[in-house]
Amino acid sequence: MTDWIEIGTLDDIPRLGSRVVQTKDGDIAVFRTEDDRVFAIDDKCPHKGGPLSQGIVHGAKVACPLHNWSINLEDGVAVAPDEGCVKTYPVRIENGTLRLRLGETDNKKCA
Amino acid sequence: MKRGMKVTVVHLMDTLMERQLDEAAAAMLKASLEERGLEFAMGAQTQAIVGKDRAEAVRLKDGTEIPADIVVMAVGIRPNIALAEDAGLHCKRGLVVNDTMQTFDPRVYAVGECVEHRGTVYGLVAPLFVQARVCANHLARQGHAFYTGSITSTKLKVTGIDLFSSGDFQPADGVEEIVLQDASRGVYKKLTIKDNRVKGAVLYGDTADGAWYFQLMRDGTDISGMRQQLMYGQAHLGDAGHGGPSAVLALDDSAEICGCNGVTKGDIVTAIMEKKLFTLEDVRAHTKASSSCGSCTGLVEQLLASTLGGDYSETPSEKPLCGCTTYTHDEVRMAIVENGLKSIPETMAFLEWKTPNGCPACRPALNYYLLCAWPEDYVDDGQSRFINERAHANIQKDGTYSVIPRIFGGVTSPGELRAIAEVAEKYDVPAIKFTGGQRLDMMGIAKETLPDLWADLGKAGMVSGHAYGKAMRTVKTCVGSEWCRFGTQDSTAMGVELEKLTWGSWTPHKYKLAVSGCPRNCAEATIKDFGVVAVESGWELHIGGNGGVKVRVTDLLCKVETPEQVLEYAGAFLQLYREHAHYLERTAPWIERIGIAFVKKRVVENAEERARLMARFLASQKPAQVDPWHVEDDRKAEFKPLAKVN
């Protein structure tokens, strides 16, 4: 089991916004919804690899800035009729501090 | 017949398909079917089917008997109204409803093939969709929708016989007929016209334009301008570049319809059939055709129409802003202004948005509408802007950005060029290119680098070119009278003035200007949103041009005499567009929607209105002309990664 890595604070991410965490295996996008839930997914749209962190966040979904695919932040699955999914990572908020766990992804089918 | 049987059609009336065809077309159909070996007993009423254990013959009223082994009867569809009648609801041929889809019992509504509306029973899906919309509107207590009946069309589905019919084509007072008959080619076309509008169409032998006539009929299009070419079809309207229905029907399945997403005719037709798609939106969602630049929308609609026939339900022109609301663009804008709504959450709450915080379609639209309505006190919502407008640069396919500094009127200097060159070297910019709007574009810049790169350009006196935004983009110019031997006015100085007036303005869609120094028009002003062409006696002002998806030449707005007038008309027109167009609607389709007269009345004919528009434009420019590239230190963090982990 890998560690929960401190990546910043909740205030670092605007509501309905996103920031990027750089890792040796590529960028991970960390999102904050309007109701302050936080999600971490690979910053790579299953369609053409667009940076999801740059998309418009709505509800618990993000629209890719390149061709407007919507990706569900909760499970990383593209909203139908588009098909595809991205890896999700566990992230938690402790007293306003964000902690991310790398290694195993939440959704096995996209691993 | 194909199985070797001898077939006789017994028909009550004197002509075939008397409800769908006129006599001439019916005679051609009959002749064609007779050629294939079919026999007809016309004007014949069946009295009895003769036979003891099995059918042996059909006896007609006049006494003739036609020997038969099999008798097939077709009586059309008849609504199953037993349940409704038992419930005591008033029925005739179907369950009778009024224009709100209400039956005689006000508590009961009905839609579909079971209902009879204004004496008509429909057996197709398209009218049902419209009925359902009206019914839902009343069930939801909105109470403002009416169903006034549908025009339906018939296509005969017999191989080798092309036949289309729609509307009313019987002779009547004030109804004109246009007929084209080519017996040896087996082609017959008849259109009925009343008050310059198509009322009915019968096509035999060549039905390629059926969908087009049907659309003209449903839209109530005034055809006086195309009457001479009308009979020859849409392909003869001089708009060949965009293809008529015949073009799409003739295409091979492998033909690419959507050039943006590589979707073929076969892909679209298969998706329509297999996934049971009925609307343009469905096809966009499932195939991506017509979902990027939109230039193939007409072709996709034609494929829908030809694949579904009468079941095709055309996209309504007055549709909601997006799936999050039932209100249209215009209704939302009106609500914002009339009720003093000052933020996106406030607007969504007031208009009972169906989603908690909208979608990528409505949030940018609302942000723009609010900004346009309250230029002085609206707090811009960055999270409701597309990334390009948040990062003040253009996102590229690899996630890097392109940066275009503003070069007013396309006139630059050694100092500016040196600044660009130095920045390009300092930040290892991989590519620099000239844009179509006479600017320099630096490509392949990482997001993290943007604030520093901008700061360096800022020190050299340059500001953002807004090449990334739904905003005033560029004013393109030619060298004009200062240098050119043909120039009649100083078009370059005029262009610089126009750009100084309008830069920084957010608009419903991108907005481009150009100024040419003479009618040779080297700055291509007549395909711009606002084009100025200098002439010896002054300046011609042109509006609503477009050089992109669908090329549209501008309409001439008017001619003015002085540069001051050019600026005032330019500002007033831009403000009119800002206040009236739908978000993501360029000036070209906007002008086609509202008409040039709407613009002339406010910008040309009414000096007071023009002054008011200009005053509102100047007021909105005051807070808008701030360089977005000036980033405070505390905001620079947003461009950087949150963390780097190994």
# chains A, B, ... in the order shown; residues from 1 in each chain; ligands from 1
call {"tool": "interface_residues", "arguments": {"of": "chain B", "to": "chain A", "cutoff": "9 Å", "atoms": "only C-alpha atoms", "output": "NGL selection string"}}
result
:B and (285-287 or 292 or 355-360 or 363 or 383-388 or 395-399 or 637-646)
call {"tool": "residues_around", "arguments": {"residues": "B:Ser620", "least_positions_apart": "3", "cutoff": "7 Å", "atoms": "only C-alpha atoms", "output": "ChimeraX atom specification"}}
result
/B:375-376,616-617,623-624
call {"tool": "residues_around", "arguments": {"residues": "stretch 188-200 of chain B", "least_positions_apart": "5", "cutoff": "6 Å", "atoms": "only C-alpha atoms", "output": "list in words"}}
result
Ser166, Gly167, Asp168, Phe169, Val175, Glu176, Glu177, Ile178, Val179, Leu180, Gln181, Met217, Gly220, Asp222, Ile223 and Ser224 of chain B
call {"tool": "write_last_selection", "arguments": {"atoms": "N, CA and C atoms", "output": "mmCIF file, in the first residue's frame"}}
result
data_model
loop_
_atom_site.group_PDB
_atom_site.id
_atom_site.type_symbol
_atom_site.label_atom_id
_atom_site.label_comp_id
_atom_site.auth_asym_id
_atom_site.auth_seq_id
_atom_site.Cartn_x
_atom_site.Cartn_y
_atom_site.Cartn_z
ATOM 1 N N SER B 166 -46.893 15.608 -51.048
ATOM 2 C CA SER B 166 -47.109 16.262 -49.771
ATOM 3 C C SER B 166 -48.002 17.470 -49.959
ATOM 4 N N GLY B 167 -48.752 17.791 -48.916
ATOM 5 C CA GLY B 167 -49.552 19.007 -48.924
ATOM 6 C C GLY B 167 -50.791 18.911 -49.792
ATOM 7 N N ASP B 168 -51.280 20.081 -50.163
ATOM 8 C CA ASP B 168 -52.545 20.192 -50.873
ATOM 9 C C ASP B 168 -52.261 20.560 -52.327
ATOM 10 N N PHE B 169 -52.717 19.738 -53.257
ATOM 11 C CA PHE B 169 -52.390 20.048 -54.655
ATOM 12 C C PHE B 169 -53.624 20.047 -55.539
ATOM 13 N N VAL B 175 -54.888 29.501 -56.050
ATOM 14 C CA VAL B 175 -53.776 28.548 -56.057
ATOM 15 C C VAL B 175 -53.217 28.434 -57.475
ATOM 16 N N GLU B 176 -51.923 28.685 -57.596
ATOM 17 C CA GLU B 176 -51.278 28.572 -58.904
ATOM 18 C C GLU B 176 -50.581 27.222 -58.997
ATOM 19 N N GLU B 177 -50.383 26.774 -60.220
ATOM 20 C CA GLU B 177 -49.692 25.507 -60.404
ATOM 21 C C GLU B 177 -48.470 25.711 -61.282
ATOM 22 N N ILE B 178 -47.369 25.065 -60.922
ATOM 23 C CA ILE B 178 -46.232 24.991 -61.833
ATOM 24 C C ILE B 178 -46.048 23.511 -62.147
ATOM 25 N N VAL B 179 -46.054 23.167 -63.438
ATOM 26 C CA VAL B 179 -45.985 21.763 -63.828
ATOM 27 C C VAL B 179 -44.808 21.545 -64.767
ATOM 28 N N LEU B 180 -44.072 20.488 -64.505
ATOM 29 C CA LEU B 180 -42.988 20.095 -65.410
ATOM 30 C C LEU B 180 -43.270 18.651 -65.795
ATOM 31 N N GLN B 181 -43.381 18.398 -67.119
ATOM 32 C CA GLN B 181 -43.730 17.053 -67.547
ATOM 33 C C GLN B 181 -42.789 16.612 -68.657
ATOM 34 N N MET B 217 -42.346 24.108 -47.669
ATOM 35 C CA MET B 217 -43.757 24.093 -47.317
ATOM 36 C C MET B 217 -43.940 24.308 -45.820
ATOM 37 N N GLY B 220 -42.929 27.700 -44.650
ATOM 38 C CA GLY B 220 -43.677 28.801 -45.245
ATOM 39 C C GLY B 220 -42.750 29.811 -45.912
ATOM 40 N N ASP B 222 -41.009 32.237 -48.431
ATOM 41 C CA ASP B 222 -41.432 33.037 -49.576
ATOM 42 C C ASP B 222 -40.547 32.660 -50.767
ATOM 43 N N ILE B 223 -41.161 32.122 -51.832
ATOM 44 C CA ILE B 223 -40.358 31.593 -52.932
ATOM 45 C C ILE B 223 -40.274 32.554 -54.117
ATOM 46 N N SER B 224 -40.779 33.793 -53.946
ATOM 47 C CA SER B 224 -40.813 34.694 -55.106
ATOM 48 C C SER B 224 -39.417 34.905 -55.695
#
call {"tool": "residues_around", "arguments": {"residues": "stretch 537-553 of chain B", "least_positions_apart": "6", "cutoff": "7 Å", "atoms": "only C-alpha atoms", "output": "PyMOL selection string"}}
result
chain B and resi 293+295+526-531+559-562+587-588+591
call {"tool": "select_by_dssp", "arguments": {"residues": "stretch 438-642 of chain B", "states": "strand (DSSP E or B)", "output": "JSON, numbers by chain"}}
result
{"B": [440, 441, 442, 443, 444, 445, 464, 471, 472, 473, 474, 475, 476, 477, 506, 511, 512, 513, 514, 515, 516, 530, 531, 532, 533, 534, 535, 538, 539, 540, 541, 542, 543, 546, 552, 555, 556, 557, 558, 559, 560]}
call {"tool": "write_last_selection", "arguments": {"atoms": "C-alpha atoms", "output": "short mmCIF file (atom, residue, chain, number, x, y, z; two decimals), in the first residue's frame"}}
result
data_model
loop_
_atom_site.label_atom_id
_atom_site.label_comp_id
_atom_site.auth_asym_id
_atom_site.auth_seq_id
_atom_site.Cartn_x
_atom_site.Cartn_y
_atom_site.Cartn_z
CA LEU B 440 2.11 36.79 -35.66
CA ASP B 441 1.28 33.54 -33.91
CA MET B 442 3.74 31.88 -31.54
CA MET B 443 2.93 28.18 -31.22
CA GLY B 444 3.69 25.39 -28.77
CA ILE B 445 3.97 27.27 -25.47
CA SER B 464 -3.27 40.45 -25.83
CA ALA B 471 -14.23 38.63 -28.90
CA MET B 472 -13.16 41.33 -31.34
CA ARG B 473 -10.23 39.64 -33.05
CA THR B 474 -8.49 41.73 -35.68
CA VAL B 475 -8.86 44.67 -38.04
CA LYS B 476 -7.19 43.74 -41.31
CA THR B 477 -6.08 46.60 -43.54
CA TRP B 506 -16.39 40.36 -25.67
CA TYR B 511 -15.77 39.23 -34.62
CA LYS B 512 -13.47 40.41 -37.40
CA LEU B 513 -13.11 43.69 -39.23
CA ALA B 514 -11.24 44.91 -42.28
CA VAL B 515 -10.66 48.22 -44.04
CA SER B 516 -9.81 48.43 -47.73
CA PHE B 530 -17.79 44.57 -40.29
CA GLY B 531 -16.06 45.64 -43.47
CA VAL B 532 -15.13 49.12 -44.60
CA VAL B 533 -14.37 49.89 -48.24
CA ALA B 534 -13.04 53.35 -49.00
CA VAL B 535 -14.28 55.17 -52.09
CA GLY B 538 -16.23 58.45 -48.39
CA TRP B 539 -16.60 55.00 -46.89
CA GLU B 540 -18.89 52.07 -47.65
CA LEU B 541 -19.87 50.06 -44.58
CA HIS B 542 -20.56 46.35 -45.03
CA ILE B 543 -21.86 43.88 -42.44
CA ASN B 546 -17.94 35.39 -43.26
CA ARG B 552 -21.07 34.76 -47.02
CA ASP B 555 -24.65 43.19 -47.00
CA LEU B 556 -24.10 46.88 -47.67
CA LEU B 557 -25.24 48.76 -44.59
CA CYS B 558 -24.78 52.31 -45.88
CA LYS B 559 -22.23 54.85 -47.07
CA VAL B 560 -20.79 57.53 -44.80
#
call {"tool": "residues_around", "arguments": {"residues": "stretch 253-270 of chain B", "least_positions_apart": "4", "cutoff": "9 Å", "atoms": "only C-alpha atoms", "output": "ChimeraX atom specification"}}
result
/B:248,274-275,283,286-297,299-300,303-304,307
